[in-house]
Amino acid sequence: MQIPKDDLAREDFYWELIQKCGYSAADRKPQYSRLRNNFLFGSTEGSPVAFNKIYPHIDLLTSFLFSIDTTKFSVELDADAHQEEVNKLSRATKAINEAWQKGNADVVFNTCLQWSLVYNTMICKVVPGIGGSISYHALEPHGFGVLREDIPYIDRQEAMYHEYFITKSELERLLEKHPNKASIMKRLEGSPNTYQETMPDAISRLITSASTPNMIGNARMTEANNQYRPQVAEDVIKMFELWLWNDEINDYQTVTMAEPGVVIYDRKNIFIEGEVPFVQICPNPLYDYFWGESEVDKLVELQRWRTKRMEDIDDLFNKQARPPTMINGTFGISDEMNFALNYAGGLLKSQDPTAKVERFAPDFPPEAFQIIHEIDAMFAEASGMGNMMMGKGESGVRSKGHADTLARIGSSRAKKRALIVEDSLEKIASLTLKVLRVYDKTRFIDDDNMPFILNQLTTKCMVKVDAHSSSPIYVEDYKQLVGELFQAKAIDRKSMIEMLNPPMQQILLDRLQKIEENEAKQQQEQAKSQAPSQ
């Protein structure tokens, strides 16, 4: 992009670009609000249902696609890299895994993955800190925008932004040494100070109902259930961080703006040359729509169907407990008769010898709950999770080997998405390595006992998820592979411990070193005792 030179024209250009990147945000926000309600409460309008099947279903699917405790990364050389760099790979691998754990990235990524299944996309932002530390942040899709929604992948976008909120006092503190602090704060005095464009719950339900014309019902004006929405009393300012490609410098330009279009900072790429700090997590991508497809959206009608059938079953139970009643003959006031008939120990008298009370309890069909089981099976089918994957039995299974084979074949659809999620993990880990190369000055010792810093590691390398350790689907296959490699003597005991990553790994490695030293001494003593005497 060609950025204007004049300050006023430059500011107008940036603000117009933010409006273009956020062109669909107003349309997407109510959609995401509807999906959020269905995920948390099981209904579009946000009223909790008796049993919300969507939440545990998405929670289970998330656990299949990503494992917090087993995910490990490894650094691998490109085909044209010098083989001497191999000596640095083990330390670089350890540095990435430590940064991942210290930055709480596993929890942040798990949050991003879960909510990307709810919405359609989540954004993970990698932020360098002091002394080479790294923090990871989850960004909602309705607070993020791209210039071309018809093009997938962030690295193919010319411009993007994300919005956030900051208090006036914090902004004043951050602008303490800014040369234009006074003029900036003066321009912001008349700006609206709201946390987000939120509306009263009843009004938002009316709007949601309007966006779903097939939904029938009324807005509950007095219901006060917890919507899990933040409420901030402090005055805040909406901020925008705009990233756009600058043709003049052949790199990204980073612009920080405050609503309504006030430039705070206008700088060259503040992250890493040629990179942006954003990684998209989208388990259901679409080739012509940047945001992808929502998993929850596929389950909404099933949840609605399930809730309706459960209400029907509940209604049958109620009619059996309090069956409809017909009274023949003259008794008295209808309300008093009905109360007496439905009250424990109630007594109803009549002087009419022909009077009769008839109860009409409905028959409860034996297959009433079968439809619920069928709907639950449709939930699993919609996301590619069979009974074997969910730990349920399957008819006709004859042995453990047969069950393992069925589970492996049945997990193919989930594995496909696990590999898509793995690509996002590797992108975050790759950015982590690049940040460490630039900001971390820690001195490491390579396998040849030579000191080095990560900036001396060749750029001809990549970060990979270690043996598909990111998904529980691969765990048993991975353990079996490690065992086969050890039996074939392709790896030693130290490598096996590192690959399996058991609890107390470092303690086990230290103890293994002592065991191997004792074994070496015993072999030397045995060799001496067997040596022929002179």
# chains A, B, ... in the order shown; residues from 1 in each chain; ligands from 1

call {"tool": "residues_around", "arguments": {"residues": "A:Asn269", "least_positions_apart": "3", "cutoff": "10 Å", "atoms": "only C-alpha atoms", "output": "list in words"}}
result
Trp243, Leu244, Trp245, Asn246, Ile249, Asp251, Tyr252, Gln253, Thr254, Val255, Asp266, Ile272, Glu273, Gly274, Glu275 and Val276 of chain A

call {"tool": "write_last_selection", "arguments": {"atoms": "C-alpha atoms", "output": "PDB file, in the first residue's frame"}}
result
ATOM      1  CA  TRP A 243      -1.302  -3.432  10.695  1.00  0.00           C
ATOM      2  CA  LEU A 244      -0.867  -2.685   6.991  1.00  0.00           C
ATOM      3  CA  TRP A 245       1.741  -3.539   4.395  1.00  0.00           C
ATOM      4  CA  ASN A 246       3.901  -0.538   3.511  1.00  0.00           C
ATOM      5  CA  ILE A 249       9.656  -0.065   3.453  1.00  0.00           C
ATOM      6  CA  ASP A 251       7.323  -4.402   5.671  1.00  0.00           C
ATOM      7  CA  TYR A 252       4.280  -3.908   7.867  1.00  0.00           C
ATOM      8  CA  GLN A 253       3.395  -0.538   9.366  1.00  0.00           C
ATOM      9  CA  THR A 254       1.943  -0.557  12.899  1.00  0.00           C
ATOM     10  CA  VAL A 255      -0.533   2.198  13.733  1.00  0.00           C
ATOM     11  CA  ASP A 266       2.608   5.499  13.721  1.00  0.00           C
ATOM     12  CA  ILE A 272       9.349  -8.948  13.869  1.00  0.00           C
ATOM     13  CA  GLU A 273      10.390  -7.930  10.383  1.00  0.00           C
ATOM     14  CA  GLY A 274       7.956  -9.289   7.818  1.00  0.00           C
ATOM     15  CA  GLU A 275       5.627 -10.814  10.432  1.00  0.00           C
ATOM     16  CA  VAL A 276       2.447  -9.884  12.281  1.00  0.00           C
TER      17      VAL A 276
END

call {"tool": "select_by_dssp", "arguments": {"residues": "stretch 34-138 of chain A", "states": "helix (DSSP H, G or I)", "output": "PyMOL selection string"}}
result
chain A and resi 34-41+54-65+83-102+105-118+130-132

call {"tool": "closest_residue", "arguments": {"among": "A:Arg493, A:Lys177, A:His57, A:Arg437", "to": "A:Thr458", "atoms": "only C-alpha atoms"}}
result
A:Arg437

call {"tool": "closest_residue", "arguments": {"among": "A:Ile515, A:Leu454, A:Ala321, A:Ile58", "to": "A:Asn38", "atoms": "only C-alpha atoms"}}
result
A:Ile58

call {"tool": "residues_around", "arguments": {"residues": "A:Asn284", "least_positions_apart": "4", "cutoff": "8 Å", "atoms": "only C-alpha atoms", "output": "PyMOL selection string"}}
result
chain A and resi 117+120+292-295+417
